[in-house]
file protein00.cif (mmCIF, C-alpha atoms; chains and numbers go by the auth columns)
data_target
#
loop_
_atom_site.group_PDB
_atom_site.id
_atom_site.type_symbol
_atom_site.label_atom_id
_atom_site.label_comp_id
_atom_site.label_asym_id
_atom_site.label_seq_id
_atom_site.Cartn_x
_atom_site.Cartn_y
_atom_site.Cartn_z
_atom_site.B_iso_or_equiv
_atom_site.auth_seq_id
_atom_site.auth_asym_id
ATOM 1 C CA MET A 1 7.704 6.288 -14.608 0.00 1 V
ATOM 2 C CA LEU A 2 7.881 7.570 -11.049 0.00 2 V
ATOM 3 C CA VAL A 3 11.190 7.022 -9.241 0.00 3 V
ATOM 4 C CA LEU A 4 11.301 7.666 -5.502 0.00 4 V
ATOM 5 C CA VAL A 5 14.571 7.440 -3.588 0.00 5 V
ATOM 6 C CA ASN A 6 14.328 6.932 0.185 0.00 6 V
ATOM 7 C CA PRO A 7 10.592 7.702 0.399 0.00 7 V
ATOM 8 C CA GLU A 8 8.957 8.214 3.758 0.00 8 V
ATOM 9 C CA VAL A 9 5.456 9.078 4.853 0.00 9 V
ATOM 10 C CA VAL A 10 5.429 12.502 6.515 0.00 10 V
ATOM 11 C CA LYS A 11 1.679 12.919 6.956 0.00 11 V
ATOM 12 C CA ARG A 12 -1.389 10.736 6.722 0.00 12 V
ATOM 13 C CA GLU A 13 -5.031 11.390 7.301 0.00 13 V
ATOM 14 C CA GLY A 14 -8.221 9.394 7.582 0.00 14 V
ATOM 15 C CA GLU A 15 -8.713 5.672 7.618 0.00 15 V
ATOM 16 C CA ARG A 16 -10.364 3.137 5.361 0.00 16 V
ATOM 17 C CA VAL A 17 -10.565 -0.644 5.295 0.00 17 V
ATOM 18 C CA ILE A 18 -9.569 -2.219 1.991 0.00 18 V
ATOM 19 C CA ILE A 19 -8.815 -5.633 0.536 0.00 19 V
ATOM 20 C CA GLU A 20 -5.144 -5.884 -0.319 0.00 20 V
ATOM 21 C CA GLY A 21 -2.883 -8.553 -1.764 0.00 21 V
ATOM 22 C CA CYS A 22 0.782 -8.841 -2.643 0.00 22 V
ATOM 23 C CA LEU A 23 3.099 -10.962 -4.750 0.00 23 V
ATOM 24 C CA SER A 24 5.070 -11.604 -1.546 0.00 24 V
ATOM 25 C CA LEU A 25 2.151 -13.779 -0.399 0.00 25 V
ATOM 26 C CA PRO A 26 0.540 -15.210 -3.550 0.00 26 V
ATOM 27 C CA GLY A 27 -2.915 -16.731 -3.295 0.00 27 V
ATOM 28 C CA TYR A 28 -4.086 -14.591 -0.374 0.00 28 V
ATOM 29 C CA GLN A 29 -5.794 -11.271 0.256 0.00 29 V
ATOM 30 C CA GLY A 30 -6.580 -9.530 3.492 0.00 30 V
ATOM 31 C CA GLU A 31 -8.524 -6.658 5.016 0.00 31 V
ATOM 32 C CA VAL A 32 -6.179 -3.884 6.112 0.00 32 V
ATOM 33 C CA LYS A 33 -6.579 -0.329 7.284 0.00 33 V
ATOM 34 C CA ARG A 34 -4.968 2.297 5.099 0.00 34 V
ATOM 35 C CA SER A 35 -5.058 6.072 5.181 0.00 35 V
ATOM 36 C CA GLN A 36 -7.484 8.170 3.131 0.00 36 V
ATOM 37 C CA TRP A 37 -4.427 10.044 1.880 0.00 37 V
ATOM 38 C CA VAL A 38 -0.707 10.248 2.547 0.00 38 V
ATOM 39 C CA LYS A 39 1.968 12.816 1.882 0.00 39 V
ATOM 40 C CA ILE A 40 5.460 11.490 1.265 0.00 40 V
ATOM 41 C CA LYS A 41 8.848 13.052 0.869 0.00 41 V
ATOM 42 C CA ALA A 42 11.578 11.515 -1.242 0.00 42 V
ATOM 43 C CA GLN A 43 14.190 12.372 -3.823 0.00 43 V
ATOM 44 C CA ASP A 44 13.819 11.933 -7.556 0.00 44 V
ATOM 45 C CA ARG A 45 16.412 10.127 -9.669 0.00 45 V
ATOM 46 C CA HIS A 46 18.480 13.325 -9.842 0.00 46 V
ATOM 47 C CA GLY A 47 18.593 13.825 -6.070 0.00 47 V
ATOM 48 C CA LYS A 48 16.039 16.646 -6.033 0.00 48 V
ATOM 49 C CA ASP A 49 13.714 16.712 -2.997 0.00 49 V
ATOM 50 C CA ILE A 50 10.087 16.071 -3.893 0.00 50 V
ATOM 51 C CA ARG A 51 6.797 15.688 -2.039 0.00 51 V
ATOM 52 C CA ILE A 52 3.782 13.793 -3.315 0.00 52 V
ATOM 53 C CA LYS A 53 0.248 13.592 -1.968 0.00 53 V
ATOM 54 C CA GLY A 54 -1.413 10.299 -2.777 0.00 54 V
ATOM 55 C CA GLU A 55 -5.120 9.569 -2.425 0.00 55 V
ATOM 56 C CA GLU A 56 -7.075 6.355 -3.005 0.00 56 V
ATOM 57 C CA LEU A 57 -5.081 3.809 -5.050 0.00 57 V
ATOM 58 C CA LEU A 58 -1.915 5.941 -5.286 0.00 58 V
ATOM 59 C CA GLY A 59 -1.967 6.514 -1.525 0.00 59 V
ATOM 60 C CA GLN A 60 -2.498 2.801 -0.922 0.00 60 V
ATOM 61 C CA ALA A 61 0.360 1.871 -3.250 0.00 61 V
ATOM 62 C CA LEU A 62 2.697 4.397 -1.620 0.00 62 V
ATOM 63 C CA GLU A 63 1.915 3.090 1.870 0.00 63 V
ATOM 64 C CA HIS A 64 2.209 -0.539 0.742 0.00 64 V
ATOM 65 C CA GLU A 65 5.565 -0.111 -0.994 0.00 65 V
ATOM 66 C CA ILE A 66 7.070 2.083 1.743 0.00 66 V
ATOM 67 C CA ASP A 67 5.991 -0.613 4.207 0.00 67 V
ATOM 68 C CA HIS A 68 8.069 -3.101 2.182 0.00 68 V
ATOM 69 C CA LEU A 69 11.116 -0.851 2.478 0.00 69 V
ATOM 70 C CA ASN A 70 10.584 -0.894 6.247 0.00 70 V
ATOM 71 C CA GLY A 71 10.221 -4.691 6.399 0.00 71 V
ATOM 72 C CA VAL A 72 6.436 -4.683 6.826 0.00 72 V
ATOM 73 C CA LEU A 73 4.002 -6.824 4.819 0.00 73 V
ATOM 74 C CA TYR A 74 0.274 -6.194 4.583 0.00 74 V
ATOM 75 C CA ILE A 75 -0.336 -9.296 6.731 0.00 75 V
ATOM 76 C CA ASP A 76 1.427 -7.463 9.564 0.00 76 V
ATOM 77 C CA ARG A 77 -1.396 -4.913 9.402 0.00 77 V
ATOM 78 C CA LEU A 78 -4.310 -7.378 9.595 0.00 78 V
ATOM 79 C CA ASP A 79 -6.770 -6.821 12.458 0.00 79 V
ATOM 80 C CA GLY A 80 -6.989 -10.542 13.135 0.00 80 V
ATOM 81 C CA GLU A 81 -6.354 -13.974 11.677 0.00 81 V
ATOM 82 C CA GLY A 82 -9.879 -14.105 10.268 0.00 82 V
ATOM 83 C CA LYS A 83 -9.108 -11.182 7.977 0.00 83 V
ATOM 84 C CA LEU A 84 -6.789 -13.189 5.667 0.00 84 V
ATOM 85 C CA TYR A 85 -8.512 -15.000 2.809 0.00 85 V
ATOM 86 C CA LYS A 86 -7.237 -17.680 0.461 0.00 86 V
ATOM 87 C CA ILE A 87 -8.155 -16.844 -3.122 0.00 87 V
ATOM 88 C CA THR A 88 -8.298 -18.871 -6.300 0.00 88 V
ATOM 89 C CA PRO A 89 -7.513 -17.789 -9.865 0.00 89 V
ATOM 90 C CA GLU A 90 -11.299 -17.612 -10.437 0.00 90 V
ATOM 91 C CA ASP A 91 -11.591 -15.058 -7.587 0.00 91 V
ATOM 92 C CA GLU A 92 -8.907 -12.906 -9.222 0.00 92 V
ATOM 93 C CA VAL A 93 -10.768 -12.915 -12.562 0.00 93 V
ATOM 94 C CA GLU A 94 -14.013 -11.859 -10.798 0.00 94 V
ATOM 95 C CA ASN A 95 -12.215 -8.978 -9.052 0.00 95 V
ATOM 96 C CA GLU A 96 -10.901 -7.685 -12.388 0.00 96 V
ATOM 97 C CA SER A 97 -14.427 -7.444 -13.872 0.00 97 V
#
call {"tool": "encode", "arguments": {"input": "protein00.cif", "output": "structure tokens"}}
result
Amino acid sequence: MLVLVNPEVVKREGERVIIEGCLSLPGYQGEVKRSQWVKIKAQDRHGKDIRIKGEELLGQALEHEIDHLNGVLYIDRLDGEGKLYKITPEDEVENES
């Protein structure tokens, strides 16, 4: 288990458009821009300073969760209203395949 205390993004590079969802807004997904990779600084559970570089899914998860800590949801990062999609349970099953 990875524990990060007071994480913050200190560097990010690149850009990619991905489909993202969140339990804070069930039943929807949206197209958002995320970084190709991010570097974060934080403390571990013992108070030791750590840095982590996250690419692809880890980078996306780090950005997403740090956004939550800063009061930002993925819908705040949508390019436009047309980029939010209602999904059904059948859509979720297809995406898992």
call {"tool": "residues_around", "arguments": {"input": "protein00.cif", "residues": "range 33-40 of chain V", "least_positions_apart": "6", "cutoff": "8 Å", "atoms": "all atoms listed in the file", "output": "list in words"}}
result
Pro7, Glu8, Val9, Val10, Lys11, Arg12, Glu13, Gly14, Glu15, Arg16, Val17, Ile18, Arg51, Ile52, Lys53, Gly54, Glu55, Glu56, Gly59, Gln60, Leu62, Glu63, Arg77 and Leu78 of chain V
call {"tool": "closest_residue", "arguments": {"input": "protein00.cif", "among": "V:Ala42, V:Ile75, V:Ile50, V:Gly82", "to": "Pro26 in chain V", "atoms": "all atoms listed in the file"}}
result
V:Ile75
call {"tool": "closest_residue", "arguments": {"input": "protein00.cif", "among": "V:Gly80, V:Tyr74, V:Lys41, V:Glu65", "to": "Leu25 in chain V", "atoms": "only C-alpha atoms"}}
result
V:Tyr74
call {"tool": "closest_residue", "arguments": {"input": "protein00.cif", "among": "V:His64, V:Val3, V:Ile87, V:Asn70", "to": "Val32 in chain V", "atoms": "only C-alpha atoms"}}
result
V:His64
call {"tool": "closest_residue", "arguments": {"input": "protein00.cif", "among": "V:Cys22, V:Gln29, V:Val5, V:Asp49", "to": "His68 in chain V", "atoms": "all atoms listed in the file"}}
result
V:Cys22
